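Novice: So I've got this file, final-v2.tsv, and it contains TSV, C-alpha atoms:
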```
chain	number	residue	atom	x	y	z
A	1	MET	CA	26.26	-32.58	-28.71
A	2	THR	CA	27.36	-33.63	-25.20
A	3	MET	CA	30.42	-32.20	-23.54
A	4	HIS	CA	32.88	-34.54	-21.88
A	5	VAL	CA	34.46	-33.35	-18.60
A	6	GLY	CA	37.46	-35.15	-17.12
A	7	SER	CA	37.50	-36.06	-13.43
A	8	ARG	CA	40.30	-33.61	-12.57
A	9	GLU	CA	38.47	-30.84	-14.40
A	10	MET	CA	35.25	-31.70	-12.55
A	11	ALA	CA	37.06	-31.67	-9.18
A	12	ARG	CA	38.41	-28.18	-9.89
A	13	ALA	CA	34.97	-27.08	-11.04
A	14	GLN	CA	33.42	-28.35	-7.81
A	15	LEU	CA	35.99	-26.35	-5.87
A	16	ALA	CA	35.13	-23.25	-7.90
A	17	LEU	CA	31.44	-23.83	-7.25
A	18	HIS	CA	32.07	-24.19	-3.55
A	19	GLN	CA	33.96	-20.89	-3.48
A	20	ALA	CA	31.25	-19.13	-5.48
A	21	LEU	CA	28.52	-20.42	-3.17
A	22	GLY	CA	30.38	-19.19	-0.12
A	23	SER	CA	31.02	-15.73	-1.43
A	24	CYS	CA	27.91	-15.00	-3.52
A	25	LEU	CA	24.82	-17.09	-2.82
A	26	TYR	CA	23.89	-15.33	0.42
A	27	ASP	CA	24.60	-11.85	-0.87
A	28	ARG	CA	20.98	-10.69	-1.01
A	29	THR	CA	21.78	-7.58	-3.02
A	30	ARG	CA	22.52	-9.79	-6.02
A	31	LYS	CA	19.18	-11.71	-6.03
A	32	ILE	CA	20.90	-15.03	-6.84
A	33	ASN	CA	18.57	-18.05	-6.86
A	34	LEU	CA	20.98	-20.77	-8.00
A	35	ILE	CA	24.63	-21.29	-8.93
A	36	ASP	CA	25.50	-24.27	-11.09
A	37	LEU	CA	28.02	-25.51	-13.63
A	38	ALA	CA	27.25	-25.23	-17.31
A	39	GLN	CA	28.94	-25.21	-20.69
A	40	TYR	CA	30.60	-21.84	-21.17
A	41	GLU	CA	28.82	-19.64	-23.70
A	42	GLU	CA	29.92	-16.24	-24.94
A	43	ASP	CA	28.18	-14.08	-27.57
A	44	GLY	CA	25.95	-17.03	-28.49
A	45	GLN	CA	28.96	-19.28	-29.10
A	46	LYS	CA	29.34	-22.42	-26.97
A	47	HIS	CA	32.86	-23.31	-25.83
A	48	ASP	CA	34.21	-26.64	-24.79
A	49	ARG	CA	34.78	-25.72	-21.17
A	50	LEU	CA	32.88	-25.44	-17.91
A	51	ALA	CA	31.75	-22.16	-16.39
A	52	LEU	CA	29.91	-21.07	-13.26
A	53	ARG	CA	26.37	-20.01	-14.05
A	54	PHE	CA	24.55	-17.56	-11.74
A	55	HIS	CA	20.73	-17.62	-11.95
A	56	VAL	CA	19.32	-14.25	-10.89
A	57	ASP	CA	15.83	-12.72	-10.55
A	58	TYR	CA	16.91	-9.92	-12.83
A	59	ARG	CA	20.17	-8.41	-14.01
A	60	ILE	CA	21.18	-5.51	-11.82
A	61	PRO	CA	22.51	-2.55	-13.85
A	62	GLU	CA	26.28	-2.15	-13.55
A	63	THR	CA	25.90	1.40	-12.26
A	64	GLN	CA	23.78	0.14	-9.38
A	65	LEU	CA	26.31	-2.61	-8.62
A	66	GLU	CA	29.06	-0.03	-8.63
A	67	ALA	CA	27.10	2.07	-6.16
A	68	LEU	CA	26.81	-1.01	-3.92
A	69	GLY	CA	30.55	-1.71	-4.26
A	70	ARG	CA	29.93	-4.99	-6.10
A	71	GLU	CA	31.71	-6.45	-9.13
A	72	PRO	CA	29.36	-7.69	-11.90
A	73	LEU	CA	28.96	-11.46	-11.56
A	74	GLN	CA	30.11	-12.12	-15.13
A	75	ASN	CA	33.46	-10.50	-14.28
A	76	LEU	CA	34.13	-12.94	-11.44
A	77	SER	CA	36.36	-15.95	-11.81
A	78	PHE	CA	36.80	-18.83	-9.36
A	79	VAL	CA	39.74	-21.26	-9.67
A	80	GLY	CA	40.16	-20.03	-13.24
A	81	PHE	CA	36.56	-20.83	-14.28
A	82	PRO	CA	34.62	-18.00	-15.96
A	83	SER	CA	31.16	-16.88	-14.88
A	84	MET	CA	27.92	-16.39	-16.74
A	85	VAL	CA	24.65	-14.77	-15.64
A	86	THR	CA	21.16	-15.87	-16.64
A	87	GLU	CA	17.75	-14.56	-15.52
A	88	SER	CA	15.69	-17.34	-14.00
A	89	LYS	CA	13.43	-17.69	-10.93
A	90	PRO	CA	12.90	-21.35	-10.10
A	91	ARG	CA	10.16	-21.88	-7.48
A	92	LEU	CA	8.95	-24.89	-5.51
A	93	GLN	CA	6.05	-26.69	-7.19
A	94	GLN	CA	4.35	-28.50	-4.35
A	95	TRP	CA	0.69	-29.36	-4.55
A	96	TYR	CA	-1.27	-26.94	-2.40
A	97	GLY	CA	-4.35	-29.00	-1.65
A	98	PRO	CA	-7.58	-27.40	-0.43
A	99	ARG	CA	-6.81	-23.78	-0.99
A	100	ARG	CA	-8.27	-22.30	2.16
A	101	TRP	CA	-6.48	-24.58	4.62
A	102	TYR	CA	-3.10	-24.24	2.97
A	103	ARG	CA	-3.42	-20.51	2.79
A	104	SER	CA	-4.36	-20.39	6.45
A	105	GLN	CA	-1.04	-22.12	7.13
A	106	GLY	CA	0.72	-19.42	5.16
A	107	TRP	CA	1.51	-21.74	2.22
A	108	GLY	CA	0.92	-21.38	-1.44
A	109	ARG	CA	1.53	-18.43	-3.69
A	110	THR	CA	-0.32	-19.59	-6.72
A	111	SER	CA	-1.62	-16.13	-7.52
A	112	SER	CA	-0.32	-14.41	-10.61
A	113	ASN	CA	-1.78	-11.14	-9.34
A	114	PRO	CA	1.21	-8.89	-8.59
A	115	HIS	CA	-0.82	-7.07	-5.93
A	116	THR	CA	-1.12	-10.25	-3.82
A	117	SER	CA	2.27	-11.79	-4.67
A	118	ARG	CA	5.67	-11.36	-3.11
A	119	ALA	CA	7.09	-8.02	-4.20
A	120	ASP	CA	10.79	-7.46	-4.55
A	121	PRO	CA	11.60	-4.64	-4.68
A	122	LEU	CA	8.86	-3.41	-2.34
A	123	ARG	CA	6.49	-0.81	-3.75
A	124	GLY	CA	3.04	0.63	-3.08
A	125	GLY	CA	-0.13	-1.30	-3.93
A	126	VAL	CA	0.88	-4.74	-2.67
A	127	SER	CA	-0.51	-6.98	0.08
A	128	VAL	CA	0.72	-6.74	3.69
A	129	SER	CA	-0.48	-7.90	7.09
A	130	THR	CA	0.64	-8.67	10.62
A	131	ASP	CA	1.28	-12.28	11.69
A	132	PHE	CA	-2.35	-12.74	12.69
A	133	SER	CA	-4.61	-10.40	10.73
A	134	GLY	CA	-6.22	-10.09	7.31
A	135	SER	CA	-4.44	-8.29	4.49
A	136	GLY	CA	-4.39	-4.65	3.64
A	137	THR	CA	-2.20	-2.65	1.31
A	138	LEU	CA	1.36	-1.41	1.61
A	139	GLY	CA	0.50	2.16	0.67
A	140	GLY	CA	4.01	3.36	0.01
A	141	ILE	CA	7.45	4.06	1.40
A	142	VAL	CA	8.22	7.00	3.66
A	143	ARG	CA	11.28	8.27	5.52
A	144	ASP	CA	11.41	9.14	9.21
A	145	ARG	CA	12.15	12.85	9.55
A	146	ALA	CA	14.13	12.29	12.75
A	147	THR	CA	16.20	9.19	11.96
A	148	GLY	CA	16.12	8.90	8.17
A	149	ASN	CA	14.89	5.31	8.48
A	150	GLU	CA	12.86	3.98	5.59
A	151	MET	CA	9.40	2.83	6.60
A	152	LEU	CA	6.19	1.66	5.07
A	153	LEU	CA	3.00	3.67	5.61
A	154	SER	CA	-0.43	2.07	5.89
A	155	ASN	CA	-3.41	2.11	8.24
A	156	TRP	CA	-3.56	1.53	11.98
A	157	HIS	CA	-6.03	-1.26	11.37
A	158	VAL	CA	-3.58	-2.94	8.94
A	159	LEU	CA	-0.30	-2.60	10.87
A	160	VAL	CA	-1.48	-2.35	14.51
A	161	VAL	CA	-4.94	-4.02	14.45
A	162	TYR	CA	-5.47	-4.41	18.22
A	163	TRP	CA	-5.17	-1.96	21.07
A	164	GLY	CA	-2.65	-4.16	22.88
A	165	ALA	CA	-0.22	-4.34	19.94
A	166	ARG	CA	3.42	-3.68	20.73
A	167	ARG	CA	6.04	-1.71	18.95
A	168	GLY	CA	8.14	-4.17	16.97
A	169	GLN	CA	5.16	-6.22	15.78
A	170	ARG	CA	6.09	-8.06	12.58
A	171	ILE	CA	4.70	-7.08	9.18
A	172	ARG	CA	4.66	-9.58	6.29
A	173	GLN	CA	4.58	-9.09	2.56
A	174	PRO	CA	2.53	-10.63	1.05
A	175	GLY	CA	-0.05	-10.66	3.80
A	176	ARG	CA	-0.86	-13.81	5.74
A	177	ASP	CA	-3.94	-14.75	3.73
A	178	ASP	CA	-2.04	-14.23	0.48
A	179	GLY	CA	0.53	-16.81	1.46
A	180	GLY	CA	2.99	-14.66	3.42
A	181	THR	CA	4.95	-16.52	6.11
A	182	TYR	CA	7.48	-15.72	8.82
A	183	ALA	CA	10.11	-15.73	6.09
A	184	ASP	CA	8.32	-12.79	4.47
A	185	VAL	CA	8.65	-10.36	7.38
A	186	ILE	CA	9.75	-7.05	5.90
A	187	ALA	CA	9.14	-4.55	8.68
A	188	ASN	CA	8.40	-3.97	12.35
A	189	LEU	CA	5.72	-1.67	13.71
A	190	GLU	CA	7.12	1.65	14.87
A	191	ARG	CA	4.30	4.06	15.74
A	192	ASP	CA	0.77	5.15	14.86
A	193	ALA	CA	-1.32	8.32	14.62
A	194	MET	CA	-4.53	7.21	16.35
A	195	SER	CA	-4.00	9.75	19.13
A	196	ALA	CA	-4.22	12.41	16.39
A	197	ASP	CA	-7.53	10.89	15.20
A	198	LEU	CA	-5.90	9.37	12.15
A	199	ASP	CA	-6.06	5.70	11.16
A	200	ALA	CA	-2.43	5.52	10.14
A	201	ALA	CA	0.78	3.78	11.19
A	202	VAL	CA	4.34	3.21	10.03
A	203	ALA	CA	6.68	0.23	10.29
A	204	VAL	CA	10.47	0.30	9.94
A	205	LEU	CA	11.74	-1.75	6.99
A	206	ASN	CA	14.30	-4.44	7.79
A	207	ASP	CA	16.46	-4.19	4.61
A	208	ARG	CA	15.66	-7.73	3.47
A	209	ARG	CA	14.31	-6.36	0.20
A	210	ASP	CA	14.98	-3.37	-1.98
A	211	ILE	CA	12.48	-0.53	-2.20
A	212	ILE	CA	11.40	1.69	-5.04
A	213	ASN	CA	9.17	4.74	-5.31
A	214	GLN	CA	6.46	3.10	-7.38
A	215	GLN	CA	2.73	2.52	-7.11
A	216	LEU	CA	2.03	-0.79	-8.85
A	217	SER	CA	0.25	-0.13	-12.17
A	218	VAL	CA	0.26	3.64	-11.53
A	219	GLY	CA	3.83	4.89	-11.39
A	220	PRO	CA	6.04	6.88	-9.02
A	221	VAL	CA	4.69	9.30	-6.41
A	222	ARG	CA	5.77	12.85	-7.18
A	223	GLY	CA	5.04	14.61	-3.93
A	224	VAL	CA	2.11	15.44	-1.68
A	225	ARG	CA	-0.74	17.95	-1.88
A	226	ARG	CA	-4.15	18.64	-0.38
A	227	ALA	CA	-7.19	17.12	-2.03
A	228	GLN	CA	-9.57	19.56	-3.68
A	229	LEU	CA	-13.22	19.14	-4.47
A	230	GLY	CA	-13.64	17.85	-7.98
A	231	MET	CA	-10.07	16.50	-8.20
A	232	ASP	CA	-9.68	13.25	-10.16
A	233	VAL	CA	-7.63	10.72	-8.23
A	234	GLU	CA	-6.34	7.18	-8.64
A	235	LYS	CA	-4.85	4.51	-6.43
A	236	SER	CA	-3.23	1.08	-6.45
A	237	GLY	CA	-4.76	-1.35	-3.96
A	238	ARG	CA	-4.29	-4.97	-2.97
A	239	SER	CA	-7.85	-6.02	-3.93
A	240	SER	CA	-9.30	-3.69	-6.54
A	241	ARG	CA	-5.85	-2.96	-8.06
A	242	ARG	CA	-5.82	0.30	-10.02
A	243	THR	CA	-8.98	2.37	-9.60
A	244	SER	CA	-10.03	5.96	-10.17
A	245	GLY	CA	-12.41	8.34	-8.50
A	246	ARG	CA	-13.29	11.95	-7.90
A	247	VAL	CA	-13.02	13.90	-4.65
A	248	THR	CA	-16.47	15.00	-3.57
A	249	GLY	CA	-15.90	15.67	0.12
A	250	ILE	CA	-13.10	17.15	2.25
A	251	ASN	CA	-12.30	17.88	5.88
A	252	GLY	CA	-14.59	15.08	7.03
A	253	ALA	CA	-14.92	13.66	10.52
A	254	ALA	CA	-15.97	10.01	10.62
A	255	ILE	CA	-16.86	7.56	13.35
A	256	MET	CA	-15.50	4.05	12.83
A	257	PRO	CA	-15.14	0.99	15.06
A	258	TYR	CA	-11.59	-0.18	15.81
A	259	SER	CA	-11.40	-3.48	17.66
A	260	GLY	CA	-14.65	-2.76	19.43
A	261	ILE	CA	-13.94	0.88	20.22
A	262	GLU	CA	-15.48	3.69	18.21
A	263	ARG	CA	-13.04	6.38	17.25
A	264	VAL	CA	-13.34	9.69	15.45
A	265	ILE	CA	-11.21	9.89	12.32
A	266	ARG	CA	-10.54	13.41	11.05
A	267	ASN	CA	-9.37	15.07	7.82
A	268	VAL	CA	-11.45	12.62	5.82
A	269	VAL	CA	-11.61	12.92	2.05
A	270	THR	CA	-14.53	11.28	0.26
A	271	ILE	CA	-13.95	9.76	-3.15
A	272	GLU	CA	-16.80	8.79	-5.46
A	273	GLN	CA	-16.72	6.62	-8.50
A	274	LEU	CA	-15.92	7.83	-11.98
A	275	ASN	CA	-17.94	6.44	-14.86
A	276	LEU	CA	-19.55	3.68	-12.77
A	277	GLY	CA	-16.14	2.15	-12.04
A	278	GLU	CA	-15.15	0.48	-8.79
A	279	VAL	CA	-13.54	2.69	-6.17
A	280	SER	CA	-12.32	0.22	-3.60
A	281	ARG	CA	-12.76	-3.17	-2.01
A	282	GLY	CA	-11.86	-4.90	1.25
A	283	GLY	CA	-8.07	-5.33	1.27
A	284	ASP	CA	-7.41	-1.86	-0.19
A	285	SER	CA	-6.93	-0.30	3.24
A	286	GLY	CA	-3.66	1.56	3.30
A	287	SER	CA	-3.61	2.46	-0.42
A	288	TRP	CA	-2.47	5.92	-1.41
A	289	TRP	CA	-4.76	8.11	-3.49
A	290	LEU	CA	-2.84	10.24	-5.99
A	291	ASP	CA	-3.89	13.29	-7.96
A	292	SER	CA	-4.33	11.76	-11.43
A	293	ALA	CA	-2.83	14.83	-13.11
A	294	THR	CA	0.28	15.36	-11.00
A	295	LYS	CA	0.71	11.96	-9.24
A	296	GLU	CA	1.02	13.74	-5.92
A	297	ALA	CA	-0.33	11.84	-2.93
A	298	VAL	CA	-3.52	13.33	-1.53
A	299	GLY	CA	-5.02	10.66	0.73
A	300	LEU	CA	-4.51	7.44	2.69
A	301	HIS	CA	-7.41	5.07	2.02
A	302	PHE	CA	-9.07	3.42	5.02
A	303	ALA	CA	-12.76	2.65	4.42
A	304	GLY	CA	-15.45	2.44	1.79
A	305	GLN	CA	-18.90	1.29	0.84
A	306	ASN	CA	-20.72	-0.23	-2.09
A	307	ASN	CA	-24.02	1.09	-3.40
A	308	PRO	CA	-23.28	3.87	-3.77
A	309	GLU	CA	-19.62	3.15	-4.44
A	310	LEU	CA	-17.52	5.44	-2.22
A	311	GLY	CA	-14.07	5.47	-0.70
A	312	LEU	CA	-12.80	7.29	2.38
A	313	ALA	CA	-9.25	8.50	2.82
A	314	MET	CA	-7.39	10.75	5.23
A	315	ASP	CA	-5.58	13.86	4.05
A	316	MET	CA	-2.04	12.70	3.30
A	317	GLN	CA	-0.21	15.79	4.55
A	318	SER	CA	-1.98	15.51	7.90
A	319	VAL	CA	-0.97	11.85	8.12
A	320	LEU	CA	2.68	12.57	7.26
A	321	ASP	CA	2.88	15.38	9.82
A	322	ALA	CA	1.24	13.32	12.57
A	323	LEU	CA	3.72	10.48	11.99
A	324	ASN	CA	6.71	12.79	11.41
A	325	VAL	CA	7.62	11.23	8.07
A	326	ASP	CA	8.08	12.32	4.46
A	327	ILE	CA	7.36	10.49	1.25
A	328	PHE	CA	10.35	8.52	-0.08
A	329	MET	CA	11.14	9.84	-3.57
B	1	MET	CA	-18.58	35.07	-0.88
B	2	SER	CA	-16.28	33.21	-3.24
B	3	LEU	CA	-14.63	29.83	-2.76
B	4	GLU	CA	-11.27	31.54	-2.68
B	5	ASP	CA	-12.37	33.71	0.26
B	6	SER	CA	-10.61	32.50	3.39
B	7	GLN	CA	-13.20	34.16	5.62
B	8	TYR	CA	-15.87	32.14	3.88
B	9	TRP	CA	-13.99	28.93	4.51
B	10	ASP	CA	-13.48	29.83	8.17
B	11	LYS	CA	-17.24	30.19	8.41
B	12	VAL	CA	-17.76	26.82	6.73
B	13	TYR	CA	-15.29	25.09	9.07
B	14	ARG	CA	-16.89	26.63	12.16
B	15	ALA	CA	-20.33	25.54	10.98
B	16	GLN	CA	-19.00	22.06	10.38
B	17	ASP	CA	-17.50	21.96	13.89
B	18	LYS	CA	-20.90	22.79	15.34
B	19	LEU	CA	-22.52	20.03	13.36
B	20	VAL	CA	-19.82	17.53	14.36
B	21	ARG	CA	-20.15	18.37	18.06
B	22	GLN	CA	-23.88	17.93	17.91
B	23	PHE	CA	-24.34	14.92	15.63
B	24	LEU	CA	-21.17	12.93	14.90
B	25	HIS	CA	-21.67	10.61	17.87
B	26	HIS	CA	-25.27	9.81	16.96
B	27	PRO	CA	-25.46	6.11	16.05
B	28	ASP	CA	-27.10	6.90	12.70
B	29	VAL	CA	-24.32	9.25	11.61
B	30	SER	CA	-21.08	7.95	10.07
B	31	LEU	CA	-19.37	11.04	8.64
B	32	ILE	CA	-19.80	14.82	8.42
B	33	ASP	CA	-17.83	16.60	5.71
B	34	ILE	CA	-17.83	19.49	3.28
B	35	GLY	CA	-18.81	19.00	-0.34
B	36	TYR	CA	-20.68	20.34	-3.30
B	37	ALA	CA	-24.45	20.46	-3.32
B	38	PRO	CA	-25.65	17.13	-4.73
B	39	ASP	CA	-26.77	16.82	-8.35
B	40	GLN	CA	-24.99	20.04	-9.18
B	41	GLY	CA	-21.37	19.09	-8.72
B	42	ALA	CA	-18.82	21.44	-10.19
B	43	LYS	CA	-21.32	23.43	-12.20
B	44	THR	CA	-22.55	25.61	-9.38
B	45	LYS	CA	-19.67	25.03	-6.93
B	46	SER	CA	-22.15	25.56	-4.15
B	47	ILE	CA	-20.62	24.35	-0.89
B	48	VAL	CA	-22.71	22.40	1.60
B	49	LEU	CA	-22.16	20.48	4.80
B	50	ARG	CA	-22.91	16.82	4.31
B	51	ILE	CA	-24.15	14.45	6.99
B	52	HIS	CA	-23.58	10.86	5.91
B	53	VAL	CA	-26.16	8.59	7.51
B	54	ARG	CA	-26.34	4.85	7.94
B	55	LYS	CA	-28.74	2.62	6.06
B	56	ARG	CA	-31.14	2.31	8.98
B	57	TRP	CA	-31.73	6.07	8.99
B	58	MET	CA	-32.50	6.05	5.28
B	59	GLU	CA	-34.96	3.19	5.76
B	60	ALA	CA	-36.68	4.51	8.91
B	61	ASP	CA	-39.90	6.51	8.89
B	62	GLU	CA	-39.46	10.24	9.14
B	63	ASP	CA	-41.14	10.31	12.54
B	64	ASP	CA	-38.86	7.57	13.90
B	65	ARG	CA	-35.51	9.09	13.02
B	66	ILE	CA	-33.44	12.05	14.09
B	67	SER	CA	-33.88	15.19	12.06
B	68	PHE	CA	-31.04	17.46	11.01
B	69	PRO	CA	-30.97	21.23	10.53
B	70	LYS	CA	-31.33	22.56	6.96
B	71	GLN	CA	-28.49	25.00	7.49
B	72	VAL	CA	-25.92	26.04	10.07
B	73	ASP	CA	-24.83	29.70	10.15
B	74	GLY	CA	-26.08	30.10	6.60
B	75	ILE	CA	-24.21	27.06	5.25
B	76	PRO	CA	-26.70	24.54	3.79
B	77	VAL	CA	-26.79	21.03	5.22
B	78	VAL	CA	-27.68	17.96	3.18
B	79	VAL	CA	-28.07	14.32	4.16
B	80	VAL	CA	-26.41	11.64	2.03
B	81	PRO	CA	-26.24	7.86	2.41
B	82	GLY	CA	-23.01	6.60	3.93
B	83	ASP	CA	-22.62	3.26	5.69
B	84	TYR	CA	-18.85	2.73	5.63
B	85	ARG	CA	-16.66	-0.25	6.54
B	86	LEU	CA	-12.94	-0.44	7.13
B	87	ALA	CA	-11.33	-1.74	3.94
B	88	THR	CA	-9.45	-4.80	5.20
B	89	ARG	CA	-10.25	-8.40	4.28
```
Please, can you express the file's structure as structure tokens?
Specialist:
Amino acid sequence: MTMHVGSREMARAQLALHQALGSCLYDRTRKINLIDLAQYEEDGQKHDRLALRFHVDYRIPETQLEALGREPLQNLSFVGFPSMVTESKPRLQQWYGPRRWYRSQGWGRTSSNPHTSRADPLRGGVSVSTDFSGSGTLGGIVRDRATGNEMLLSNWHVLVVYWGARRGQRIRQPGRDDGGTYADVIANLERDAMSADLDAAVAVLNDRRDIINQQLSVGPVRGVRRAQLGMDVEKSGRSSRRTSGRVTGINGAAIMPYSGIERVIRNVVTIEQLNLGEVSRGGDSGSWWLDSATKEAVGLHFAGQNNPELGLAMDMQSVLDALNVDIFM
Amino acid sequence: MSLEDSQYWDKVYRAQDKLVRQFLHHPDVSLIDIGYAPDQGAKTKSIVLRIHVRKRWMEADEDDRISFPKQVDGIPVVVVPGDYRLATR
């Protein structure tokens, strides 16, 4: 049954919409995608009046809103019109054409793989890159011991890439070859640990997205510990997603090429496959290996090989100390 | 010497350092670490130094490739295949 709205009513409603747009649409903490006018509905009952309808990614718990100093959207009223909240994420539906070219332009997020899609809130196990390089993995969130700033931790060869890179270099999520664009910049390069023979770096987050202590498909990180021989471990990576392995080597020193220069990488932990499963794949660089039993971080993944399937990581505590950061929990 | 013995581990680390200084920069070597003796794993918990070598070393004739010591300061040395790549796309 259609609802008839008089012209005066509609004019007032437009005014209410205009006020709501001005005060709410750009408030990024609320994750609002759309504000429109709809028939007012309460407890499943439709009423013969207009209301403002807020389309959000997800409903934010009232306790969290309270902590942010925000009133729940459904409690707001503009020009006497009530408000409703609905969860919906409308996205553009353009045709992407030949996949490779469009992706090279930074367009197209057709993937339903959460590891290569836009993540909000940010968490470990998702794709990241600089403006010009291939993708690696956002290993996880850390906090600067000196400033308290929240940062993301990954590899030097994911966040820095070239020897001439400058502090402040932009980091995108998802990475460039997963469709990330300039609008997806989430962090800026801060420092690296290559002078300590560790392929690691951190970038300061820019507050455009929320963050949570979560490894996609694995769960929250519960601390940090040293890897031990025989320890079962697991990780969440951009390419191979959730994989498991067993620590078979510790305290390694490796030689690897970085933009044409061979460097020694120390405190290397070797991880072999469990039950013939995959350990890692290109794009997993920067993943965090966790002790499967305690979910404590033991290593920062940086290299691997197939046949035999093996992954290399750096001792996490050494990485955290070299970068002067702690795990965000 | 038990695995919990810190003196034992000091000896292992020193032996590893010697091996690293001597061989890590050889083009056929990719990694030198500490692990269990192969094919025994956690059963024996016998610690060895492991030299990870590139594919070309594994495929070369014995006479045409560098040889490694069988032990350093009493710590056994084994050679394992290891041709690693950075894990970006």
Novice: Smallest atom-to-atom distance to chain B: which of A:Lys295, A:His157, A:Arg241, A:Arg222, using all atoms listed in the file?
Specialist: A:His157
Novice: How would you write as a compact mmCIF listing (two decimals) with C-alpha atoms, in the frame of the given file the residues that get within 7 Å of (-1.3, 2.4, -10.9) in the file's frame, counting all atoms listed in the file?
Specialist:
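Done, and the output landed in point.txt:
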```txt
# COMPACT_ATOMS: atom_id res chain seq x y z
CA GLN A 215 2.73 2.52 -7.11
CA LEU A 216 2.03 -0.79 -8.85
CA SER A 217 0.25 -0.13 -12.17
CA VAL A 218 0.26 3.64 -11.53
CA GLY A 219 3.83 4.89 -11.39
CA LYS A 235 -4.85 4.51 -6.43
CA SER A 236 -3.23 1.08 -6.45
CA ARG A 242 -5.82 0.30 -10.02
```
Novice: Find the residue from B:Ala87, B:Val12, B:Val53, B:Ile47 that sits nearest to Leu24 in chain B; use only C-alpha atoms when measuring.
Specialist: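 Among the listed residues, B:Val53 lies closest to Leu24 in chain B.
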Novice: Suppose you want the space between CA of Leu229 in chain A and CA of Tyr36 in chain B; what is it in Å?
Specialist: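 These two atoms are separated by 7.6 Å.
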Novice: Provide as a list in words the residues of chain A at most 6 Å from chain B, counting all atoms listed in the file.
Specialist: Gly134, Ser135, Gly136, Thr248, Gly249, Ile250, Asn251, Gly252, Ala253, Ala254, Ile255, Gly282, Gly283, Asp284, Ser285, Phe302, Ala303, Gly304 and Gln305 of chain A
Novice: Limited to C-alpha atoms, could you put the picked residues into a file as an mmCIF file, in the coordinates of the input?
Specialist:
```
data_model
loop_
_atom_site.group_PDB
_atom_site.id
_atom_site.type_symbol
_atom_site.label_atom_id
_atom_site.label_comp_id
_atom_site.auth_asym_id
_atom_site.auth_seq_id
_atom_site.Cartn_x
_atom_site.Cartn_y
_atom_site.Cartn_z
ATOM 1 C CA GLY A 134 -6.220 -10.090 7.310
ATOM 2 C CA SER A 135 -4.440 -8.290 4.490
ATOM 3 C CA GLY A 136 -4.390 -4.650 3.640
ATOM 4 C CA THR A 248 -16.470 15.000 -3.570
ATOM 5 C CA GLY A 249 -15.900 15.670 0.120
ATOM 6 C CA ILE A 250 -13.100 17.150 2.250
ATOM 7 C CA ASN A 251 -12.300 17.880 5.880
ATOM 8 C CA GLY A 252 -14.590 15.080 7.030
ATOM 9 C CA ALA A 253 -14.920 13.660 10.520
ATOM 10 C CA ALA A 254 -15.970 10.010 10.620
ATOM 11 C CA ILE A 255 -16.860 7.560 13.350
ATOM 12 C CA GLY A 282 -11.860 -4.900 1.250
ATOM 13 C CA GLY A 283 -8.070 -5.330 1.270
ATOM 14 C CA ASP A 284 -7.410 -1.860 -0.190
ATOM 15 C CA SER A 285 -6.930 -0.300 3.240
ATOM 16 C CA PHE A 302 -9.070 3.420 5.020
ATOM 17 C CA ALA A 303 -12.760 2.650 4.420
ATOM 18 C CA GLY A 304 -15.450 2.440 1.790
ATOM 19 C CA GLN A 305 -18.900 1.290 0.840
#
```
Novice: Would you mind telling me which residue in A:Ala11, A:Ala67, A:Met151, A:Met231 lies nearest to Arg246 in chain A when using all atoms listed in the file?
Specialist: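 Between A:Ala11, A:Ala67, A:Met151, A:Met231, the residue approaching Arg246 in chain A most closely is A:Met231.
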Novice: Quick one: residues within 12 Å of Glu71 in chain A, all atoms listed in the file, excluding same-chain residues fewer than 5 positions away - as a ChimeraX atom specification?
Specialist: /A:24,29-30,60-66,76-77,83
Novice: One number please: CA of Tyr162 in chain A to CA of Leu320 in chain A, in Å, one decimal.
Specialist: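 Interatomic distance, CA of Tyr162 in chain A to CA of Leu320 in chain A: 21.8 Å.
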Novice: Using CA of Gln19 in chain A and CA of Arg59 in chain A as the two end points, give the distance in Å to one decimal.
Specialist: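 Spanning CA of Gln19 in chain A to CA of Arg59 in chain A is a straight-line distance of 21.4 Å.
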Novice: Pick from B:Asp10, B:Ala15, B:Asp28, B:Arg56: nearest to Ile75 in chain B, with all atoms listed in the file counted?
Specialist: B:Ala15
Novice: Skip Val204 in chain A itself and residues of its chain fewer than 5 positions away, then list as number ranges by chain all residues within 10 Å of it, counting only C-alpha atoms.
Specialist: A: 141-144, 149-153, 168, 170-171, 186-191
Novice: Write the selection just made, keeping C-alpha atoms, as an mmCIF file, in the frame of the given file?
Specialist:
```
data_model
loop_
_atom_site.group_PDB
_atom_site.id
_atom_site.type_symbol
_atom_site.label_atom_id
_atom_site.label_comp_id
_atom_site.auth_asym_id
_atom_site.auth_seq_id
_atom_site.Cartn_x
_atom_site.Cartn_y
_atom_site.Cartn_z
ATOM 1 C CA ILE A 141 7.450 4.060 1.400
ATOM 2 C CA VAL A 142 8.220 7.000 3.660
ATOM 3 C CA ARG A 143 11.280 8.270 5.520
ATOM 4 C CA ASP A 144 11.410 9.140 9.210
ATOM 5 C CA ASN A 149 14.890 5.310 8.480
ATOM 6 C CA GLU A 150 12.860 3.980 5.590
ATOM 7 C CA MET A 151 9.400 2.830 6.600
ATOM 8 C CA LEU A 152 6.190 1.660 5.070
ATOM 9 C CA LEU A 153 3.000 3.670 5.610
ATOM 10 C CA GLY A 168 8.140 -4.170 16.970
ATOM 11 C CA ARG A 170 6.090 -8.060 12.580
ATOM 12 C CA ILE A 171 4.700 -7.080 9.180
ATOM 13 C CA ILE A 186 9.750 -7.050 5.900
ATOM 14 C CA ALA A 187 9.140 -4.550 8.680
ATOM 15 C CA ASN A 188 8.400 -3.970 12.350
ATOM 16 C CA LEU A 189 5.720 -1.670 13.710
ATOM 17 C CA GLU A 190 7.120 1.650 14.870
ATOM 18 C CA ARG A 191 4.300 4.060 15.740
#
```
